[in-house]
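K.L.:
Sharing upload_37.cif, mmCIF, C-alpha atoms:
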data_work
loop_
_atom_site.group_PDB
_atom_site.id
_atom_site.type_symbol
_atom_site.label_atom_id
_atom_site.label_comp_id
_atom_site.auth_asym_id
_atom_site.auth_seq_id
_atom_site.Cartn_x
_atom_site.Cartn_y
_atom_site.Cartn_z
ATOM 1 C CA SER Q 1 -59.964 161.564 57.894
ATOM 2 C CA SER Q 2 -58.355 163.265 60.909
ATOM 3 C CA SER Q 3 -61.086 162.309 63.388
ATOM 4 C CA SER Q 4 -59.962 161.316 66.883
ATOM 5 C CA SER Q 5 -62.706 158.765 67.545
ATOM 6 C CA PRO Q 6 -62.016 156.306 70.379
ATOM 7 C CA PRO Q 7 -59.581 153.650 69.179
ATOM 8 C CA PRO Q 8 -60.038 149.917 69.594
ATOM 9 C CA PRO Q 9 -57.886 148.245 72.253
ATOM 10 C CA PRO Q 10 -54.575 146.886 70.954
ATOM 11 C CA SER Q 11 -54.924 143.405 69.520
ATOM 12 C CA PRO Q 12 -52.132 140.837 69.777
ATOM 13 C CA SER Q 13 -49.993 140.831 66.655
ATOM 14 C CA SER Q 14 -47.323 138.592 65.257
ATOM 15 C CA SER Q 15 -44.780 141.398 65.067
ATOM 16 C CA SER Q 16 -41.433 140.989 63.368
ATOM 17 C CA TYR Q 17 -39.622 144.092 64.608
ATOM 18 C CA SER Q 18 -36.291 144.116 66.379
ATOM 19 C CA GLY Q 19 -34.057 146.752 67.841
ATOM 20 C CA THR Q 20 -31.423 147.602 70.399
ATOM 21 C CA LEU Q 21 -30.274 150.801 72.048
ATOM 22 C CA GLU Q 22 -27.376 150.866 69.554
ATOM 23 C CA ASP Q 23 -29.886 150.697 66.660
ATOM 24 C CA LEU Q 24 -31.723 153.730 68.043
ATOM 25 C CA VAL Q 25 -28.475 155.672 68.531
ATOM 26 C CA ARG Q 26 -27.475 154.869 64.946
ATOM 27 C CA PHE Q 27 -30.928 155.836 63.703
ATOM 28 C CA VAL Q 28 -30.766 159.321 65.246
ATOM 29 C CA GLU Q 29 -27.090 159.803 64.394
ATOM 30 C CA THR Q 30 -27.290 158.798 60.719
ATOM 31 C CA HIS Q 31 -30.352 160.866 59.816
ATOM 32 C CA ASP Q 32 -30.120 164.625 59.339
ATOM 33 C CA ALA Q 33 -33.770 165.549 59.804
ATOM 34 C CA VAL Q 34 -35.481 163.327 62.366
ATOM 35 C CA SER Q 35 -39.066 164.207 63.237
ATOM 36 C CA VAL Q 36 -40.295 162.911 66.578
ATOM 37 C CA ILE Q 37 -43.868 161.835 67.372
ATOM 38 C CA THR Q 38 -44.544 161.660 71.122
ATOM 39 C CA GLY Q 39 -47.444 160.251 73.128
ATOM 40 C CA ALA Q 40 -48.507 159.953 76.764
ATOM 41 C CA GLY Q 41 -45.766 157.391 77.501
ATOM 42 C CA ILE Q 42 -43.083 160.081 77.363
ATOM 43 C CA SER Q 43 -44.705 161.981 80.243
ATOM 44 C CA THR Q 44 -45.289 159.138 82.729
ATOM 45 C CA GLU Q 45 -41.876 159.823 84.294
ATOM 46 C CA SER Q 46 -43.134 163.371 84.934
ATOM 47 C CA ASP Q 47 -45.907 161.842 87.062
ATOM 48 C CA ILE Q 48 -48.607 162.221 84.405
ATOM 49 C CA PRO Q 49 -50.436 158.922 83.833
ATOM 50 C CA ASP Q 50 -50.733 157.489 80.337
ATOM 51 C CA TYR Q 51 -53.777 155.817 78.771
ATOM 52 C CA ARG Q 52 -52.784 152.296 77.776
ATOM 53 C CA GLY Q 53 -49.804 151.445 79.998
ATOM 54 C CA PRO Q 54 -50.034 148.860 82.799
ATOM 55 C CA ASN Q 55 -51.284 151.590 85.165
ATOM 56 C CA GLY Q 56 -52.847 153.725 82.456
ATOM 57 C CA ALA Q 57 -56.186 155.517 82.654
ATOM 58 C CA TYR Q 58 -57.979 152.898 80.556
ATOM 59 C CA THR Q 59 -57.096 150.171 83.075
ATOM 60 C CA THR Q 60 -59.179 152.009 85.709
ATOM 61 C CA GLY Q 61 -62.300 152.472 83.611
ATOM 62 C CA PHE Q 62 -61.487 155.950 82.279
ATOM 63 C CA LYS Q 63 -63.860 157.175 79.567
ATOM 64 C CA PRO Q 64 -62.429 159.943 77.349
ATOM 65 C CA MET Q 65 -64.351 163.206 77.027
ATOM 66 C CA MET Q 66 -66.518 163.208 73.891
ATOM 67 C CA HIS Q 67 -66.645 166.508 72.005
ATOM 68 C CA GLN Q 68 -70.385 166.241 71.279
ATOM 69 C CA LYS Q 69 -71.206 165.525 74.911
ATOM 70 C CA PHE Q 70 -69.141 168.482 76.140
ATOM 71 C CA VAL Q 71 -70.899 170.838 73.712
ATOM 72 C CA SER Q 72 -74.441 169.576 74.284
ATOM 73 C CA CYS Q 73 -74.584 168.759 78.008
ATOM 74 C CA GLU Q 74 -74.246 171.362 80.757
ATOM 75 C CA LYS Q 75 -73.787 168.692 83.437
ATOM 76 C CA THR Q 76 -70.861 167.242 81.475
ATOM 77 C CA ARG Q 77 -69.220 170.675 81.246
ATOM 78 C CA LYS Q 78 -69.657 171.256 84.986
ATOM 79 C CA ARG Q 79 -68.118 167.884 85.729
ATOM 80 C CA TYR Q 80 -65.211 168.490 83.344
ATOM 81 C CA TRP Q 81 -64.370 171.961 84.683
ATOM 82 C CA GLY Q 82 -64.853 170.948 88.346
ATOM 83 C CA ARG Q 83 -62.461 168.032 87.997
ATOM 84 C CA SER Q 84 -60.079 170.135 85.965
ATOM 85 C CA MET Q 85 -60.084 172.861 88.616
ATOM 86 C CA LEU Q 86 -59.091 170.309 91.258
ATOM 87 C CA GLY Q 87 -56.374 168.700 89.158
ATOM 88 C CA TRP Q 88 -54.887 171.794 87.544
ATOM 89 C CA GLU Q 89 -52.420 172.908 90.249
ATOM 90 C CA LYS Q 90 -50.671 169.540 90.291
ATOM 91 C CA PHE Q 91 -50.776 169.187 86.500
ATOM 92 C CA ARG Q 92 -49.347 172.638 85.758
ATOM 93 C CA HIS Q 93 -46.425 172.052 88.129
ATOM 94 C CA CYS Q 94 -45.313 168.806 86.462
ATOM 95 C CA ARG Q 95 -41.735 169.117 85.255
ATOM 96 C CA PRO Q 96 -40.147 167.837 82.044
ATOM 97 C CA ASN Q 97 -38.230 164.588 82.509
ATOM 98 C CA LEU Q 98 -34.957 163.304 81.012
ATOM 99 C CA ALA Q 99 -36.646 162.350 77.722
ATOM 100 C CA HIS Q 100 -38.093 165.852 77.168
ATOM 101 C CA LEU Q 101 -34.757 167.446 78.078
ATOM 102 C CA ALA Q 102 -32.787 165.129 75.771
ATOM 103 C CA LEU Q 103 -35.105 165.944 72.835
ATOM 104 C CA ALA Q 104 -34.690 169.689 73.428
ATOM 105 C CA ARG Q 105 -30.917 169.260 73.394
ATOM 106 C CA LEU Q 106 -31.022 167.082 70.246
ATOM 107 C CA GLU Q 107 -33.062 169.798 68.537
ATOM 108 C CA GLU Q 108 -30.455 172.361 69.577
ATOM 109 C CA MET Q 109 -27.741 170.115 68.100
ATOM 110 C CA GLY Q 110 -29.616 169.905 64.799
ATOM 111 C CA GLN Q 111 -30.415 166.173 65.087
ATOM 112 C CA VAL Q 112 -34.170 166.668 65.609
ATOM 113 C CA SER Q 113 -36.023 168.838 63.111
ATOM 114 C CA GLY Q 114 -39.324 169.000 64.979
ATOM 115 C CA ILE Q 115 -41.695 167.312 67.442
ATOM 116 C CA ILE Q 116 -45.314 166.375 66.795
ATOM 117 C CA THR Q 117 -46.835 165.641 70.189
ATOM 118 C CA GLN Q 118 -50.187 164.103 71.032
ATOM 119 C CA ASN Q 119 -49.734 165.377 74.588
ATOM 120 C CA VAL Q 120 -51.499 168.429 75.970
ATOM 121 C CA ASP Q 121 -49.069 169.027 78.867
ATOM 122 C CA ARG Q 122 -46.610 171.541 77.302
ATOM 123 C CA LEU Q 123 -43.644 169.643 78.806
ATOM 124 C CA HIS Q 124 -41.682 169.758 75.539
ATOM 125 C CA GLN Q 125 -41.814 173.565 75.580
ATOM 126 C CA LYS Q 126 -40.935 173.641 79.298
ATOM 127 C CA ALA Q 127 -37.870 171.522 78.449
ATOM 128 C CA GLY Q 128 -36.775 174.080 75.851
ATOM 129 C CA SER Q 129 -37.959 172.526 72.572
ATOM 130 C CA LYS Q 130 -38.821 175.252 70.041
ATOM 131 C CA LYS Q 131 -40.336 173.366 67.098
ATOM 132 C CA VAL Q 132 -43.326 171.663 68.701
ATOM 133 C CA LEU Q 133 -46.603 170.959 66.935
ATOM 134 C CA GLU Q 134 -49.367 170.139 69.433
ATOM 135 C CA LEU Q 135 -51.468 167.749 67.365
ATOM 136 C CA HIS Q 136 -54.294 167.552 69.900
ATOM 137 C CA GLY Q 137 -53.953 171.078 71.304
ATOM 138 C CA THR Q 138 -53.126 171.959 74.902
ATOM 139 C CA THR Q 139 -54.904 172.219 78.248
ATOM 140 C CA HIS Q 140 -52.818 175.335 78.967
ATOM 141 C CA GLU Q 141 -55.150 177.504 76.878
ATOM 142 C CA VAL Q 142 -58.909 178.009 76.854
ATOM 143 C CA ILE Q 143 -61.012 179.022 73.859
ATOM 144 C CA CYS Q 144 -64.599 180.139 73.284
ATOM 145 C CA LEU Q 145 -66.620 177.946 70.924
ATOM 146 C CA ASP Q 146 -68.740 180.921 69.829
ATOM 147 C CA CYS Q 147 -66.228 183.729 69.247
ATOM 148 C CA ASP Q 148 -62.447 184.158 68.978
ATOM 149 C CA TYR Q 149 -61.896 184.794 72.704
ATOM 150 C CA ARG Q 150 -58.893 182.954 74.156
ATOM 151 C CA CYS Q 151 -57.260 183.025 77.599
ATOM 152 C CA SER Q 152 -54.705 181.083 79.608
ATOM 153 C CA ARG Q 153 -55.808 178.111 81.700
ATOM 154 C CA ASP Q 154 -54.335 179.936 84.711
ATOM 155 C CA GLN Q 155 -56.787 182.795 84.127
ATOM 156 C CA MET Q 156 -59.648 180.288 83.888
ATOM 157 C CA GLN Q 157 -58.465 178.770 87.184
ATOM 158 C CA LEU Q 158 -58.764 182.147 88.926
ATOM 159 C CA ASP Q 159 -62.294 182.579 87.540
ATOM 160 C CA LEU Q 160 -63.335 179.050 88.540
ATOM 161 C CA LYS Q 161 -62.026 179.544 92.095
ATOM 162 C CA LYS Q 162 -63.778 182.899 92.421
ATOM 163 C CA LEU Q 163 -67.124 181.398 91.367
ATOM 164 C CA ASN Q 164 -66.729 178.223 93.436
ATOM 165 C CA PRO Q 165 -65.133 179.323 96.735
ATOM 166 C CA ALA Q 166 -66.281 176.254 98.727
ATOM 167 C CA LEU Q 167 -64.562 173.924 96.287
ATOM 168 C CA ALA Q 168 -61.518 176.212 96.120
ATOM 169 C CA ASP Q 169 -61.242 176.030 99.940
ATOM 170 C CA ALA Q 170 -61.294 172.253 99.684
ATOM 171 C CA GLN Q 171 -58.377 172.384 97.273
ATOM 172 C CA ARG Q 172 -56.785 169.420 99.035
ATOM 173 C CA TRP Q 173 -59.189 167.470 96.740
ATOM 174 C CA ARG Q 174 -58.500 164.259 98.622
ATOM 175 C CA ILE Q 175 -62.244 163.444 98.405
ATOM 176 C CA LEU Q 176 -64.345 165.271 100.947
ATOM 177 C CA ASP Q 177 -66.907 163.649 103.199
ATOM 178 C CA GLY Q 178 -70.642 163.709 102.472
ATOM 179 C CA GLN Q 179 -70.934 167.299 103.720
ATOM 180 C CA GLY Q 180 -68.525 168.691 101.121
ATOM 181 C CA LYS Q 181 -68.908 169.631 97.494
ATOM 182 C CA LEU Q 182 -67.232 166.390 96.373
ATOM 183 C CA ARG Q 183 -68.425 162.862 96.869
ATOM 184 C CA ALA Q 184 -66.276 159.871 95.983
ATOM 185 C CA ARG Q 185 -67.569 157.420 93.430
ATOM 186 C CA HIS Q 186 -66.846 154.008 94.883
ATOM 187 C CA SER Q 187 -67.564 151.751 91.948
ATOM 188 C CA THR Q 188 -68.724 153.301 88.704
ATOM 189 C CA ALA Q 189 -67.987 153.240 85.013
ATOM 190 C CA GLU Q 190 -66.224 156.550 85.520
ATOM 191 C CA GLY Q 191 -63.281 154.903 87.257
ATOM 192 C CA THR Q 192 -61.436 155.302 90.516
ATOM 193 C CA PRO Q 193 -62.034 158.169 92.990
ATOM 194 C CA GLY Q 194 -59.245 160.701 93.397
ATOM 195 C CA LEU Q 195 -57.119 159.520 90.482
ATOM 196 C CA GLN Q 196 -55.226 162.126 88.487
ATOM 197 C CA ARG Q 197 -55.953 161.778 84.762
ATOM 198 C CA PRO Q 198 -53.632 162.192 81.738
ATOM 199 C CA ASP Q 199 -55.269 165.517 80.787
ATOM 200 C CA GLY Q 200 -54.957 166.995 84.273
ATOM 201 C CA ASP Q 201 -58.409 166.450 85.732
ATOM 202 C CA VAL Q 202 -59.199 164.375 88.808
ATOM 203 C CA GLU Q 203 -61.670 161.499 89.163
ATOM 204 C CA VAL Q 204 -64.254 162.852 91.632
ATOM 205 C CA GLU Q 205 -67.958 163.674 91.658
ATOM 206 C CA ILE Q 206 -68.805 167.355 91.155
ATOM 207 C CA ASP Q 207 -71.809 169.004 92.799
ATOM 208 C CA GLU Q 208 -74.658 170.275 90.605
ATOM 209 C CA GLY Q 209 -74.095 173.739 92.049
ATOM 210 C CA PHE Q 210 -70.682 174.077 90.424
ATOM 211 C CA ILE Q 211 -70.522 177.266 88.311
ATOM 212 C CA VAL Q 212 -68.684 177.433 84.979
ATOM 213 C CA PRO Q 213 -67.937 180.990 83.829
ATOM 214 C CA PRO Q 214 -69.272 181.964 80.388
ATOM 215 C CA CYS Q 215 -67.084 183.667 77.794
ATOM 216 C CA PRO Q 216 -66.488 187.267 79.011
ATOM 217 C CA SER Q 217 -66.759 188.520 75.408
ATOM 218 C CA CYS Q 218 -69.931 186.841 74.131
ATOM 219 C CA SER Q 219 -71.269 184.647 76.985
ATOM 220 C CA GLY Q 220 -70.521 181.574 74.857
ATOM 221 C CA LEU Q 221 -69.107 178.175 75.882
ATOM 222 C CA LEU Q 222 -65.534 177.982 77.124
ATOM 223 C CA LYS Q 223 -63.542 174.838 76.355
ATOM 224 C CA PRO Q 224 -59.905 173.822 76.822
ATOM 225 C CA ASP Q 225 -58.034 174.173 73.519
ATOM 226 C CA VAL Q 226 -57.786 170.399 73.116
ATOM 227 C CA ILE Q 227 -59.214 167.972 70.593
ATOM 228 C CA PHE Q 228 -61.740 165.842 72.447
ATOM 229 C CA PHE Q 229 -62.686 162.444 71.026
ATOM 230 C CA GLY Q 230 -65.037 162.747 68.071
ATOM 231 C CA ASP Q 231 -63.696 166.180 67.089
ATOM 232 C CA ASN Q 232 -61.315 166.731 64.164
ATOM 233 C CA VAL Q 233 -57.757 167.987 64.208
ATOM 234 C CA PRO Q 234 -57.900 171.374 62.383
ATOM 235 C CA ARG Q 235 -56.979 171.087 58.691
ATOM 236 C CA GLN Q 236 -54.095 173.571 58.985
ATOM 237 C CA ARG Q 237 -52.541 171.539 61.809
ATOM 238 C CA VAL Q 238 -52.902 168.289 59.835
ATOM 239 C CA GLU Q 239 -51.159 169.930 56.864
ATOM 240 C CA ALA Q 240 -48.337 171.264 59.063
ATOM 241 C CA ALA Q 241 -47.804 167.770 60.531
ATOM 242 C CA ASN Q 242 -47.896 166.180 57.061
ATOM 243 C CA SER Q 243 -45.327 168.597 55.730
ATOM 244 C CA LEU Q 244 -42.988 168.034 58.692
ATOM 245 C CA ILE Q 245 -43.191 164.261 58.130
ATOM 246 C CA LYS Q 246 -42.559 164.582 54.383
ATOM 247 C CA SER Q 247 -39.542 166.858 54.932
ATOM 248 C CA SER Q 248 -37.970 164.345 57.367
ATOM 249 C CA ASP Q 249 -35.533 161.570 56.578
ATOM 250 C CA GLY Q 250 -36.480 159.556 59.681
ATOM 251 C CA ILE Q 251 -39.381 159.342 62.157
ATOM 252 C CA LEU Q 252 -38.821 158.487 65.830
ATOM 253 C CA VAL Q 253 -41.942 157.575 67.833
ATOM 254 C CA ILE Q 254 -41.594 157.871 71.616
ATOM 255 C CA GLY Q 255 -44.154 156.764 74.203
ATOM 256 C CA SER Q 256 -47.081 156.131 71.881
ATOM 257 C CA SER Q 257 -49.040 153.026 70.931
ATOM 258 C CA LEU Q 258 -50.270 155.038 67.888
ATOM 259 C CA MET Q 259 -53.800 153.737 68.497
ATOM 260 C CA VAL Q 260 -55.252 157.209 67.866
ATOM 261 C CA PHE Q 261 -55.728 157.564 64.125
ATOM 262 C CA SER Q 262 -54.389 161.123 63.812
ATOM 263 C CA ALA Q 263 -50.935 159.925 64.962
ATOM 264 C CA TYR Q 264 -51.049 156.527 63.241
ATOM 265 C CA ARG Q 265 -51.735 158.112 59.859
ATOM 266 C CA LEU Q 266 -48.523 160.165 60.151
ATOM 267 C CA CYS Q 267 -46.529 156.933 60.371
ATOM 268 C CA LYS Q 268 -48.495 155.542 57.417
ATOM 269 C CA LEU Q 269 -47.594 158.702 55.490
ATOM 270 C CA ALA Q 270 -43.909 158.169 56.331
ATOM 271 C CA GLU Q 271 -44.138 154.546 55.193
ATOM 272 C CA GLU Q 272 -45.773 155.591 51.895
ATOM 273 C CA HIS Q 273 -42.890 158.028 51.286
ATOM 274 C CA GLY Q 274 -40.231 155.438 52.142
ATOM 275 C CA ILE Q 275 -39.171 157.308 55.296
ATOM 276 C CA PRO Q 276 -37.769 154.898 57.931
ATOM 277 C CA VAL Q 277 -39.514 154.697 61.317
ATOM 278 C CA ALA Q 278 -38.085 153.788 64.738
ATOM 279 C CA VAL Q 279 -40.092 153.313 67.941
ATOM 280 C CA LEU Q 280 -39.199 153.680 71.601
ATOM 281 C CA ASN Q 281 -42.249 152.463 73.512
ATOM 282 C CA MET Q 282 -43.150 150.087 76.323
ATOM 283 C CA GLY Q 283 -45.681 147.674 74.859
ATOM 284 C CA GLU Q 284 -47.442 147.143 71.560
ATOM 285 C CA THR Q 285 -48.023 149.744 68.889
ATOM 286 C CA ARG Q 286 -50.293 149.889 65.884
ATOM 287 C CA ILE Q 287 -47.281 149.799 63.525
ATOM 288 C CA ASP Q 288 -45.502 146.742 64.930
ATOM 289 C CA LYS Q 289 -45.969 145.022 61.559
ATOM 290 C CA PHE Q 290 -44.275 147.777 59.530
ATOM 291 C CA GLU Q 291 -41.432 146.340 57.481
ATOM 292 C CA ASN Q 292 -37.897 147.153 58.675
ATOM 293 C CA LEU Q 293 -39.263 148.755 61.851
ATOM 294 C CA ILE Q 294 -36.670 149.407 64.564
ATOM 295 C CA LYS Q 295 -38.411 149.050 67.917
ATOM 296 C CA TYR Q 296 -36.864 149.194 71.356
ATOM 297 C CA GLU Q 297 -38.888 148.666 74.550
ATOM 298 C CA ALA Q 298 -37.433 150.591 77.488
ATOM 299 C CA PRO Q 299 -38.229 153.637 79.669
ATOM 300 C CA ALA Q 300 -38.028 156.842 77.627
ATOM 301 C CA GLY Q 301 -36.024 158.981 80.073
ATOM 302 C CA ALA Q 302 -32.974 156.773 80.571
ATOM 303 C CA THR Q 303 -32.960 155.705 76.911
ATOM 304 C CA MET Q 304 -33.101 159.215 75.458
ATOM 305 C CA SER Q 305 -30.396 160.369 77.914
ATOM 306 C CA GLN Q 306 -28.224 157.499 76.743
ATOM 307 C CA ILE Q 307 -28.820 158.372 73.069
ATOM 308 C CA LEU Q 308 -27.933 162.012 73.766
ATOM 309 C CA LYS Q 309 -24.764 160.966 75.605
ATOM 310 C CA CYS Q 310 -23.639 158.698 72.714
ATOM 311 C CA ILE Q 311 -24.285 161.372 70.095
ATOM 312 C CA SER Q 312 -22.640 164.162 72.117
ATOM 313 C CA ILE Q 313 -19.315 162.300 72.406
#
Please express the file's structure as structure tokens.

P.N.:
Amino acid sequence: SSSSSPPPPPSPSSSSYSGTLEDLVRFVETHDAVSVITGAGISTESDIPDYRGPNGAYTTGFKPMMHQKFVSCEKTRKRYWGRSMLGWEKFRHCRPNLAHLALARLEEMGQVSGIITQNVDRLHQKAGSKKVLELHGTTHEVICLDCDYRCSRDQMQLDLKKLNPALADAQRWRILDGQGKLRARHSTAEGTPGLQRPDGDVEVEIDEGFIVPPCPSCSGLLKPDVIFFGDNVPRQRVEAANSLIKSSDGILVIGSSLMVFSAYRLCKLAEEHGIPVAVLNMGETRIDKFENLIKYEAPAGATMSQILKCISI
């Protein structure tokens, strides 16, 4: 039930929601235990692309990584880790934006009881939020699929660079010419050459000679600690998210269309328990037809700053 299989594209709906900035301020102010669900839209102002926005990854032909393909195909793993190696430096240096910082402050003030994020970028923690549940894991850690080995993504980066010095030297990644390790794809189903992706990798072709280090403990397969499409969110994490939702008296969704089932079902759970839901998102969401939904369409950073300012007075 917690599978993250690829969602269908949003379909037009006859939504009956309404909301203003004042409604959102009142929503946060009048509830004592607001849980926040965040998606890729909260991180676009930190220069991390989203999936379904006007300039999102799906608009450029992005195909999400499938768990089964990663596990079963060596070429797929080489391509994933090669692209990830090239995109990691930029991704890891992304900074939290005004929305992340406002949420951390609201948590400190006791207005926000916890954050369930679909993002893998760790920007909530960088902003100072303490109670963060990473629903889909994080790219900042690497795990072995065959034993309990775990290391930081920074450690993996050092190992990747050591094993692939030619690619490491070309770290500019701005698509090398035909002599280099990377060749641009000009027009393929994989998307647009050189584009940074929401999970930190870069859209380029990786040479067959790229070397992926095995697990130093058991020689098994190393994988980022993220839930790829087709894999399941671990039961314990699902239960922790459920219990946070059920202990809340309001749910605020920021920057998510809720098209991925694992996040959508949390809003369904809130609805079943009579917990009110408010949404701050640019564009459609899967819950636009919820009764009594408060929905406000505006950029997350400025809006959350405004909410914080109103509540702090």

K.L.:
What separation in Å, quoted to one decimal, exists between atom CA of Lys223 of chain Q and atom CA of Asp169 of chain Q?

P.N.:
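Here the two named atoms are 23.7 Å from each other.
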
K.L.:
If the PyMOL selection byres ((chain Q and resi 256) around 7) were run on this exact file, what residues would it hold? Put them as number ranges by chain.

P.N.:
Q: 38-41, 253-255, 257-258, 281

K.L.:
Please save C-alpha atoms of the selected residues as a PDB file, in the frame of the given file.

P.N.:
ATOM      1  CA  THR Q  38     -44.544 161.660  71.122  1.00  0.00           C
ATOM      2  CA  GLY Q  39     -47.444 160.251  73.128  1.00  0.00           C
ATOM      3  CA  ALA Q  40     -48.507 159.953  76.764  1.00  0.00           C
ATOM      4  CA  GLY Q  41     -45.766 157.391  77.501  1.00  0.00           C
ATOM      5  CA  VAL Q 253     -41.942 157.575  67.833  1.00  0.00           C
ATOM      6  CA  ILE Q 254     -41.594 157.871  71.616  1.00  0.00           C
ATOM      7  CA  GLY Q 255     -44.154 156.764  74.203  1.00  0.00           C
ATOM      8  CA  SER Q 257     -49.040 153.026  70.931  1.00  0.00           C
ATOM      9  CA  LEU Q 258     -50.270 155.038  67.888  1.00  0.00           C
ATOM     10  CA  ASN Q 281     -42.249 152.463  73.512  1.00  0.00           C
TER      11      ASN Q 281
END

K.L.:
Report as a PDB file with C-alpha atoms, in the coordinates of the input all protein, DNA and RNA residues lying within 9 Å of Lys126 of chain Q, evaluated on all atoms listed in the file, omitting residues in the same chain fewer than 4 positions from it.

P.N.:
ATOM      1  CA  ARG Q  95     -41.735 169.117  85.255  1.00  0.00           C
ATOM      2  CA  PRO Q  96     -40.147 167.837  82.044  1.00  0.00           C
ATOM      3  CA  HIS Q 100     -38.093 165.852  77.168  1.00  0.00           C
ATOM      4  CA  LEU Q 101     -34.757 167.446  78.078  1.00  0.00           C
ATOM      5  CA  ARG Q 122     -46.610 171.541  77.302  1.00  0.00           C
TER       6      ARG Q 122
END

K.L.:
Could you jot down the atom CA of Ile294 of chain Q to atom CA of Val277 of chain Q separation for me, Å, one decimal place?

P.N.:
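If I compute the distance from atom CA of Ile294 of chain Q to atom CA of Val277 of chain Q, I get 6.8 Å.
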
K.L.:
Carefully work through the PyMOL selection byres ((chain Q and resi 290) around 12) for this structure and note down the residues it includes, as an mmCIF file with C-alpha atoms, keeping the file's coordinate frame.

P.N.:
data_model
loop_
_atom_site.group_PDB
_atom_site.id
_atom_site.type_symbol
_atom_site.label_atom_id
_atom_site.label_comp_id
_atom_site.auth_asym_id
_atom_site.auth_seq_id
_atom_site.Cartn_x
_atom_site.Cartn_y
_atom_site.Cartn_z
ATOM 1 C CA SER Q 13 -49.993 140.831 66.655
ATOM 2 C CA SER Q 14 -47.323 138.592 65.257
ATOM 3 C CA SER Q 15 -44.780 141.398 65.067
ATOM 4 C CA SER Q 16 -41.433 140.989 63.368
ATOM 5 C CA TYR Q 17 -39.622 144.092 64.608
ATOM 6 C CA SER Q 18 -36.291 144.116 66.379
ATOM 7 C CA TYR Q 264 -51.049 156.527 63.241
ATOM 8 C CA CYS Q 267 -46.529 156.933 60.371
ATOM 9 C CA LYS Q 268 -48.495 155.542 57.417
ATOM 10 C CA ALA Q 270 -43.909 158.169 56.331
ATOM 11 C CA GLU Q 271 -44.138 154.546 55.193
ATOM 12 C CA GLU Q 272 -45.773 155.591 51.895
ATOM 13 C CA GLY Q 274 -40.231 155.438 52.142
ATOM 14 C CA ILE Q 275 -39.171 157.308 55.296
ATOM 15 C CA PRO Q 276 -37.769 154.898 57.931
ATOM 16 C CA VAL Q 277 -39.514 154.697 61.317
ATOM 17 C CA ALA Q 278 -38.085 153.788 64.738
ATOM 18 C CA VAL Q 279 -40.092 153.313 67.941
ATOM 19 C CA THR Q 285 -48.023 149.744 68.889
ATOM 20 C CA ARG Q 286 -50.293 149.889 65.884
ATOM 21 C CA ILE Q 287 -47.281 149.799 63.525
ATOM 22 C CA ASP Q 288 -45.502 146.742 64.930
ATOM 23 C CA LYS Q 289 -45.969 145.022 61.559
ATOM 24 C CA GLU Q 291 -41.432 146.340 57.481
ATOM 25 C CA ASN Q 292 -37.897 147.153 58.675
ATOM 26 C CA LEU Q 293 -39.263 148.755 61.851
ATOM 27 C CA ILE Q 294 -36.670 149.407 64.564
ATOM 28 C CA LYS Q 295 -38.411 149.050 67.917
#

K.L.:
Excluding Pro213 of chain Q and any residue of its chain fewer than 6 positions from it, enumerate the residues within 10 Å of it, using all atoms listed in the file, and give them as a PyMOL selection string.

P.N.:
chain Q and resi 78+81+156+159-160+162-163+219-222

K.L.:
At most 9 Å is the cut-off: for each residue in segment 29-135 of chain Q with any atom that close to an atom of segment 229-242 of chain Q, write down the nearest atom pair and the distance in Å rounded to one decimal, counting only C-alpha atoms, chain first then increasing number, as a tab-separated table.

P.N.:
residue	atom	partner	partner_atom	distance
Q:Pro64	CA	Q:Phe229	CA	6.8
Q:Met65	CA	Q:Phe229	CA	6.3
Q:Met66	CA	Q:Phe229	CA	4.8
Q:His67	CA	Q:Gly230	CA	5.7
Q:Gln68	CA	Q:Gly230	CA	7.1
Q:Ile116	CA	Q:Ala241	CA	6.9
Q:Leu133	CA	Q:Ala241	CA	7.3
Q:Glu134	CA	Q:Arg237	CA	8.4
Q:Leu135	CA	Q:Arg237	CA	6.8

K.L.:
Quick check, in Å to one decimal: how far apart do atom CA of Arg83 of chain Q and atom CA of Asp154 of chain Q lie?

P.N.:
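Result for atom CA of Arg83 of chain Q versus atom CA of Asp154 of chain Q: 14.8 Å, one decimal.
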
K.L.:
Starting from the PyMOL selection byres ((chain Q and resi 111) around 7), expand the selection into actual residues of this file and give them as a ChimeraX atom specification.

P.N.:
/Q:28,32-34,106-107,109-110,112-113

K.L.:
Using only C-alpha atoms, which of Q:Gly283, Q:Gly301, Q:Gly250, Q:Pro216 sits nearest Phe27 of chain Q?

P.N.:
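Closest to Phe27 of chain Q, using only C-alpha atoms: Q:Gly250.
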
K.L.:
Find, counting only C-alpha atoms, the residue in Q:Ala102, Q:Ile211, Q:Ile307, Q:Ala127 that gets nearest to Leu21 of chain Q.

P.N.:
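For Leu21 of chain Q, the nearest of the given residues is Q:Ile307.
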
K.L.:
Would you please work out which residue, of Q:Ile206, Q:Pro224, Q:Gly137, Q:Lys131, is nearest to Phe70 of chain Q when using all atoms listed in the file?

P.N.:
Q:Pro224

K.L.:
For a quick check of understanding, using only C-alpha atoms, which of Q:Cys215, Q:Leu86, Q:Ala104, Q:Ala166 has the smallest distance to Ile143 of chain Q?

P.N.:
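Answer, going by the shortest atom-to-atom distance: Q:Cys215.
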
K.L.:
Between Q:Asn164, Q:Ser129, Q:Asn119, Q:Thr20, which residue has the minimum interatomic distance to Gly82 of chain Q, considering all atoms listed in the file?

P.N.:
Q:Asn164

K.L.:
Using all atoms of segment 254-266 of chain Q that appear in the file, construct an axis-aligned enclosing box with 5 Å of padding on every side and provide its centre coordinates and edge lengths in Å, rounded to one decimal, as lines of an AutoDock Vina configuration file.

P.N.:
center_x = -48.7
center_y = 157.1
center_z = 67.0
size_x = 24.1
size_y = 18.1
size_z = 24.3
